[in-house]
Each structure stands twice: as C-alpha cells, then as structure tokens.
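Visitor: Mind having a look at this structure? Questions to follow.
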Amino acid sequence: MSEPLVGVLALQGDFDEHEVALQALGLRTRQIRRAADLVGLRGIVLPGGESTTMLRLLDVEGLWEPLGAALRSGLPVFATCAGMILLAARVENPQQRSYALLPITVVRNGYGRQLHSGTFALESTVLPAGTTGTFIRAPRITHVDGGCEVLARRGGDPVLVQCGPILAACFHPELALRHPVCARFAAMVREQEAAPAPAAAMMA
Ligand code: GLN
C-alpha cells in the first residue's frame, strides 16, 4: 500500500523544509498551488512564512475558498507559525483575516522584533523531555478557548495546540530532523488513513 499523500501549501514560506521533514517520516508530499492540487490528499500543511503575503497570494491564485473547504473537511492539518496565524480565530498586531478554525487569539511577532529567532526548551507532558522549538518572528498565543488542548508551552505561554484534527505550533518543528511534533502529525495522518472520516473520503 502506498504511503498517504499530504499537501503542503506552496505559495510562499518554508514549504520545502516541511516536505523534507514529512518525507523523512515516510509520507508522500505534494505542493498545493492550485485548487486541483487539493484532490486526494490525506493531510494538509500550512507552512511558516509571512501570513500577510500568503493571504494575498491565496486570493490571487483563487485558493482561499477551495483551501478553506479542504481545511474544514476533517483532514489532519498541521500549521506552523504563519500557518497558525491563518487558522487563528483572532489575529492581532495588526488584525487580519483568517480561516478562524482554531479557537485561539494570536499576536503576530508577539515575542518582539529585536529577538527574531532562537531555539528554546519546551515544557510539555506529551513531547519527549528535552524537546526544543525554533522560534522565528513567532506569533504569541494570548488566549486559548475551550476545546483546544495546549500540548507545549514556552515560559508558561502556550506554543503548541491541538483542536481536533488541527495541530498548530508557534515554532518550526520542520527545521529539526524527525522532530516529535512532525512525528505526531504523521501519526495523525496514518490514523485517519486507517479509519477515514466521511468528509476526508469525499475528498478522494
Ligand atoms: N511573522 C510572520 C507573520 O506574521 C510569521 C513568521 C513565521 O512564520 N516564521 O506572518
């Protein structure tokens, strides 16, 4: 049986790194650039990058609506950094449009513009001890509503959340080899592949 196919939004940002990270875990990947690329996927990745640019390109390519339908279909979704911003219910600094599928509030560049980047220890009961996350002009989660599980924190702040089939990180697990967060997403995809939800089956 062939490995499940995961689509990676490839309009802007570090989609290449996501493909390499998921392929290292045995998944097949396809770049999403047009609506036709959404057919037959078993998972979707929204990569890191610049969320404002992604919003503009989603409109230019006519992808805003078709991608939204795929994101709402119940497929496993993995969103990092700018990808998380695209899914958050409320976006601040400045406010901007989003798919509002994750019941969280994010502040863009919420860790300050001086310290753009760094690798920090994560506090988590579900990730292996010593797991770190690389933050690059990361959004800060300032509010998490019920129904959204916090899987990891940095300095007390939530930085990894899961809401049903959606896993979202403020940091960049795709930059590390076989990061446990990428492995968790791969496991979500394989589980759903084993028992496809009706909505996911309709995407085939
Ligand atoms: N600062 C970016 C934004 O607001 C996100 C940064 C990232 O994805 N590494 O969209």
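All residue names refer to the structure tokens as shown: chains lettered A, B, ... in order, residues numbered from 1 in each chain, ligands numbered from 1 in order.
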Find the nearest atom pair between each residue of chain A and ligand 1 for residues within 8 Å, count only C-alpha atoms and all ligand atoms, give distances in Å to one decimal, sort rows by chain and ascending number, and present the table as CSV.
Guide:
```
residue,atom,partner,partner_atom_place_in_ligand_line,distance
A:Gly13,CA,ligand 1,8 (O),7.3
A:Pro47,CA,ligand 1,8 (O),7.1
A:Gly48,CA,ligand 1,8 (O),3.5
A:Gly49,CA,ligand 1,8 (O),3.8
A:Glu50,CA,ligand 1,10 (O),3.7
A:Ser51,CA,ligand 1,10 (O),3.6
A:Thr52,CA,ligand 1,10 (O),6.0
A:Thr53,CA,ligand 1,10 (O),7.9
A:Thr80,CA,ligand 1,8 (O),6.7
A:Cys81,CA,ligand 1,8 (O),4.1
A:Ala82,CA,ligand 1,8 (O),3.8
A:Gly83,CA,ligand 1,8 (O),6.8
A:Ile85,CA,ligand 1,10 (O),6.6
A:Arg108,CA,ligand 1,4 (O),4.7
A:Asn109,CA,ligand 1,1 (N),5.0
A:Phe135,CA,ligand 1,9 (N),7.0
A:Ile136,CA,ligand 1,9 (N),4.5
A:Arg137,CA,ligand 1,1 (N),4.7
A:Ala138,CA,ligand 1,6 (C),5.1
A:Pro139,CA,ligand 1,5 (C),6.4
A:Cys170,CA,ligand 1,8 (O),8.0
A:Phe171,CA,ligand 1,9 (N),7.3
A:His172,CA,ligand 1,9 (N),7.4
```
Visitor: Create the file for the chosen residues now, containing N, CA, C and O atoms and written as a PDB file, in the first residue's frame.
Guide:
```pdb
ATOM      1  N   GLY A  13       7.014  30.908   1.730  1.00  0.00           N
ATOM      2  CA  GLY A  13       7.458  30.400   3.025  1.00  0.00           C
ATOM      3  C   GLY A  13       8.287  29.126   2.904  1.00  0.00           C
ATOM      4  O   GLY A  13       8.783  28.789   1.835  1.00  0.00           O
ATOM      5  N   PRO A  47       2.550  26.127   5.989  1.00  0.00           N
ATOM      6  CA  PRO A  47       3.920  26.312   6.482  1.00  0.00           C
ATOM      7  C   PRO A  47       4.144  27.667   7.145  1.00  0.00           C
ATOM      8  O   PRO A  47       3.262  28.529   7.171  1.00  0.00           O
ATOM      9  N   GLY A  48       5.363  27.839   7.646  1.00  0.00           N
ATOM     10  CA  GLY A  48       5.785  29.148   8.139  1.00  0.00           C
ATOM     11  C   GLY A  48       6.116  30.060   6.973  1.00  0.00           C
ATOM     12  O   GLY A  48       6.323  29.598   5.847  1.00  0.00           O
ATOM     13  N   GLY A  49       6.161  31.327   7.250  1.00  0.00           N
ATOM     14  CA  GLY A  49       6.457  32.317   6.217  1.00  0.00           C
ATOM     15  C   GLY A  49       5.924  33.657   6.649  1.00  0.00           C
ATOM     16  O   GLY A  49       6.126  34.080   7.785  1.00  0.00           O
ATOM     17  N   GLU A  50       5.205  34.331   5.760  1.00  0.00           N
ATOM     18  CA  GLU A  50       4.658  35.659   6.051  1.00  0.00           C
ATOM     19  C   GLU A  50       3.154  35.568   5.783  1.00  0.00           C
ATOM     20  O   GLU A  50       2.735  35.454   4.620  1.00  0.00           O
ATOM     21  N   SER A  51       2.370  35.603   6.851  1.00  0.00           N
ATOM     22  CA  SER A  51       0.937  35.329   6.701  1.00  0.00           C
ATOM     23  C   SER A  51       0.236  36.355   5.799  1.00  0.00           C
ATOM     24  O   SER A  51      -0.678  35.998   5.047  1.00  0.00           O
ATOM     25  N   THR A  52       0.664  37.620   5.866  1.00  0.00           N
ATOM     26  CA  THR A  52       0.015  38.642   5.038  1.00  0.00           C
ATOM     27  C   THR A  52       0.232  38.355   3.555  1.00  0.00           C
ATOM     28  O   THR A  52      -0.688  38.475   2.736  1.00  0.00           O
ATOM     29  N   THR A  53       1.457  37.946   3.213  1.00  0.00           N
ATOM     30  CA  THR A  53       1.764  37.602   1.821  1.00  0.00           C
ATOM     31  C   THR A  53       0.970  36.372   1.396  1.00  0.00           C
ATOM     32  O   THR A  53       0.430  36.319   0.284  1.00  0.00           O
ATOM     33  N   THR A  80       2.284  25.727  10.998  1.00  0.00           N
ATOM     34  CA  THR A  80       3.376  26.297  11.783  1.00  0.00           C
ATOM     35  C   THR A  80       3.435  27.796  11.557  1.00  0.00           C
ATOM     36  O   THR A  80       3.358  28.284  10.436  1.00  0.00           O
ATOM     37  N   CYS A  81       3.562  28.522  12.652  1.00  0.00           N
ATOM     38  CA  CYS A  81       3.897  29.946  12.655  1.00  0.00           C
ATOM     39  C   CYS A  81       2.918  30.750  11.789  1.00  0.00           C
ATOM     40  O   CYS A  81       1.775  30.929  12.172  1.00  0.00           O
ATOM     41  N   ALA A  82       3.308  31.196  10.594  1.00  0.00           N
ATOM     42  CA  ALA A  82       2.368  31.930   9.743  1.00  0.00           C
ATOM     43  C   ALA A  82       1.134  31.084   9.445  1.00  0.00           C
ATOM     44  O   ALA A  82       0.016  31.599   9.357  1.00  0.00           O
ATOM     45  N   GLY A  83       1.333  29.762   9.317  1.00  0.00           N
ATOM     46  CA  GLY A  83       0.207  28.858   9.083  1.00  0.00           C
ATOM     47  C   GLY A  83      -0.781  28.896  10.232  1.00  0.00           C
ATOM     48  O   GLY A  83      -2.001  28.878  10.034  1.00  0.00           O
ATOM     49  N   ILE A  85      -1.256  31.439  12.162  1.00  0.00           N
ATOM     50  CA  ILE A  85      -1.922  32.746  12.077  1.00  0.00           C
ATOM     51  C   ILE A  85      -3.107  32.669  11.106  1.00  0.00           C
ATOM     52  O   ILE A  85      -4.172  33.244  11.358  1.00  0.00           O
ATOM     53  N   ARG A 108       0.730  38.704  16.249  1.00  0.00           N
ATOM     54  CA  ARG A 108       1.830  38.487  15.303  1.00  0.00           C
ATOM     55  C   ARG A 108       3.116  39.097  15.848  1.00  0.00           C
ATOM     56  O   ARG A 108       3.104  40.155  16.457  1.00  0.00           O
ATOM     57  N   ASN A 109       4.224  38.433  15.604  1.00  0.00           N
ATOM     58  CA  ASN A 109       5.542  38.880  16.074  1.00  0.00           C
ATOM     59  C   ASN A 109       5.513  39.162  17.581  1.00  0.00           C
ATOM     60  O   ASN A 109       6.184  40.078  18.054  1.00  0.00           O
ATOM     61  N   PHE A 135      12.041  29.375  17.203  1.00  0.00           N
ATOM     62  CA  PHE A 135      11.063  30.452  17.016  1.00  0.00           C
ATOM     63  C   PHE A 135      11.657  31.504  16.081  1.00  0.00           C
ATOM     64  O   PHE A 135      12.782  31.964  16.308  1.00  0.00           O
ATOM     65  N   ILE A 136      10.923  31.882  15.040  1.00  0.00           N
ATOM     66  CA  ILE A 136      11.389  32.896  14.089  1.00  0.00           C
ATOM     67  C   ILE A 136      10.270  33.922  13.912  1.00  0.00           C
ATOM     68  O   ILE A 136       9.263  33.639  13.269  1.00  0.00           O
ATOM     69  N   ARG A 137      10.430  35.089  14.499  1.00  0.00           N
ATOM     70  CA  ARG A 137       9.405  36.142  14.460  1.00  0.00           C
ATOM     71  C   ARG A 137       8.021  35.517  14.694  1.00  0.00           C
ATOM     72  O   ARG A 137       7.073  35.714  13.933  1.00  0.00           O
ATOM     73  N   ALA A 138       7.961  34.783  15.781  1.00  0.00           N
ATOM     74  CA  ALA A 138       6.816  33.905  16.036  1.00  0.00           C
ATOM     75  C   ALA A 138       5.605  34.665  16.557  1.00  0.00           C
ATOM     76  O   ALA A 138       5.737  35.677  17.252  1.00  0.00           O
ATOM     77  N   PRO A 139       4.422  34.144  16.252  1.00  0.00           N
ATOM     78  CA  PRO A 139       3.215  34.668  16.881  1.00  0.00           C
ATOM     79  C   PRO A 139       3.167  34.213  18.343  1.00  0.00           C
ATOM     80  O   PRO A 139       3.713  33.164  18.693  1.00  0.00           O
ATOM     81  N   CYS A 170       3.685  27.534  17.260  1.00  0.00           N
ATOM     82  CA  CYS A 170       4.257  28.882  17.058  1.00  0.00           C
ATOM     83  C   CYS A 170       5.674  28.781  16.506  1.00  0.00           C
ATOM     84  O   CYS A 170       6.200  29.737  15.954  1.00  0.00           O
ATOM     85  N   PHE A 171       6.314  27.623  16.727  1.00  0.00           N
ATOM     86  CA  PHE A 171       7.722  27.431  16.355  1.00  0.00           C
ATOM     87  C   PHE A 171       7.819  26.574  15.093  1.00  0.00           C
ATOM     88  O   PHE A 171       6.796  26.329  14.435  1.00  0.00           O
ATOM     89  N   HIS A 172       9.029  26.171  14.739  1.00  0.00           N
ATOM     90  CA  HIS A 172       9.265  25.488  13.452  1.00  0.00           C
ATOM     91  C   HIS A 172       9.823  24.081  13.637  1.00  0.00           C
ATOM     92  O   HIS A 172      11.028  23.865  13.459  1.00  0.00           O
TER      93      HIS A 172
END
```
Visitor: Tell me, as a PyMOL selection string, which residues lie within 10 Å of stretch 15-19 of chain A, counting only C-alpha atoms; anything in the same chain fewer than 4 positions away does not count.
Guide: chain A and resi 6-11+23-25+27-32+45-49+78+80+172-176+182
Visitor: Extract, using only C-alpha atoms, all DNA, RNA and protein residues at most 12 Å from A:Gly147, discarding same-chain residues fewer than 3 positions from it, and format them as a list in words.
Guide: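 These residues fall inside the cut-off: Leu101, Leu102, Pro103, Ile104, Val144, Val150, Val161, Gln162, Cys163, Gly164, Pro165 and Ile166 of chain A.
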Visitor: What does the distance between atom CA of A:Leu151 and atom CA of A:Leu87 come to in Å, to one decimal place?
Guide: 17.1 Å
Visitor: Please, which residues of stretch 83-177 of chain A, numbered as in this document, come out strand (DSSP E or B) from DSSP, as a PyMOL selection string?
Guide: chain A and resi 88-92+102-107+117-121+123+132-136+140-144+149-154+157-163+166-169
Visitor: Taking C-alpha atoms for each residue, export the selection above as a compact mmCIF listing (two decimals), in the first residue's frame.
Guide:
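See result.txt below for the written result:
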```
# COMPACT_ATOMS: atom_id res chain seq x y z
CA ALA A 88 -6.48 31.50 14.45
CA ALA A 89 -9.92 32.79 15.40
CA ARG A 90 -8.49 36.21 16.30
CA VAL A 91 -5.33 37.83 14.88
CA GLU A 92 -3.83 40.99 16.40
CA LEU A 102 -8.58 27.38 15.77
CA PRO A 103 -10.22 28.95 18.87
CA ILE A 104 -7.15 30.96 19.89
CA THR A 105 -6.00 34.60 19.85
CA VAL A 106 -2.54 35.27 18.37
CA VAL A 107 -0.41 38.40 18.35
CA SER A 117 14.93 33.99 16.34
CA GLY A 118 16.09 31.38 18.81
CA THR A 119 15.80 27.78 19.92
CA PHE A 120 14.16 27.29 23.30
CA ALA A 121 13.26 24.41 25.59
CA GLU A 123 7.55 22.50 28.59
CA THR A 132 13.17 22.23 21.76
CA GLY A 133 11.45 24.61 19.36
CA THR A 134 12.98 27.16 16.98
CA PHE A 135 11.06 30.45 17.02
CA ILE A 136 11.39 32.90 14.09
CA ARG A 140 2.34 34.65 20.58
CA ILE A 141 -0.81 32.87 21.70
CA THR A 142 -2.52 35.16 24.20
CA HIS A 143 -5.78 33.27 24.64
CA VAL A 144 -6.95 29.68 24.22
CA GLU A 149 -5.67 21.43 24.03
CA VAL A 150 -2.31 23.00 24.95
CA LEU A 151 0.40 20.41 24.23
CA ALA A 152 3.51 22.54 24.95
CA ARG A 153 4.48 25.86 26.49
CA ARG A 154 7.47 28.19 26.41
CA ASP A 157 2.88 30.61 27.17
CA PRO A 158 1.06 28.04 25.02
CA VAL A 159 3.13 27.35 21.87
CA LEU A 160 1.71 24.04 20.60
CA VAL A 161 -2.04 23.44 20.47
CA GLN A 162 -4.35 20.80 19.09
CA CYS A 163 -8.01 21.27 18.32
CA ILE A 166 -5.71 20.59 13.68
CA LEU A 167 -2.19 20.70 15.18
CA ALA A 168 -0.53 24.13 15.29
CA ALA A 169 2.85 25.37 16.51
```
Visitor: Can you measure atom CA of A:Arg190 to atom CA of A:Val126 for me? One decimal in Å is fine.
Guide: 18.7 Å
Visitor: Show me, as a compact mmCIF listing (two decimals) with C-alpha atoms, in the first residue's frame, the residues that have an atom within 7 Å of A:Val189 when counting only C-alpha atoms, minus same-chain residues fewer than 4 positions from it.
Guide:
```txt
# COMPACT_ATOMS: atom_id res chain seq x y z
CA ARG A 42 -4.88 12.76 3.39
CA GLY A 43 -3.49 15.78 5.27
CA PRO A 76 -5.49 16.29 9.68
CA PHE A 185 1.25 14.88 12.66
CA GLU A 193 -5.89 6.85 6.75
```
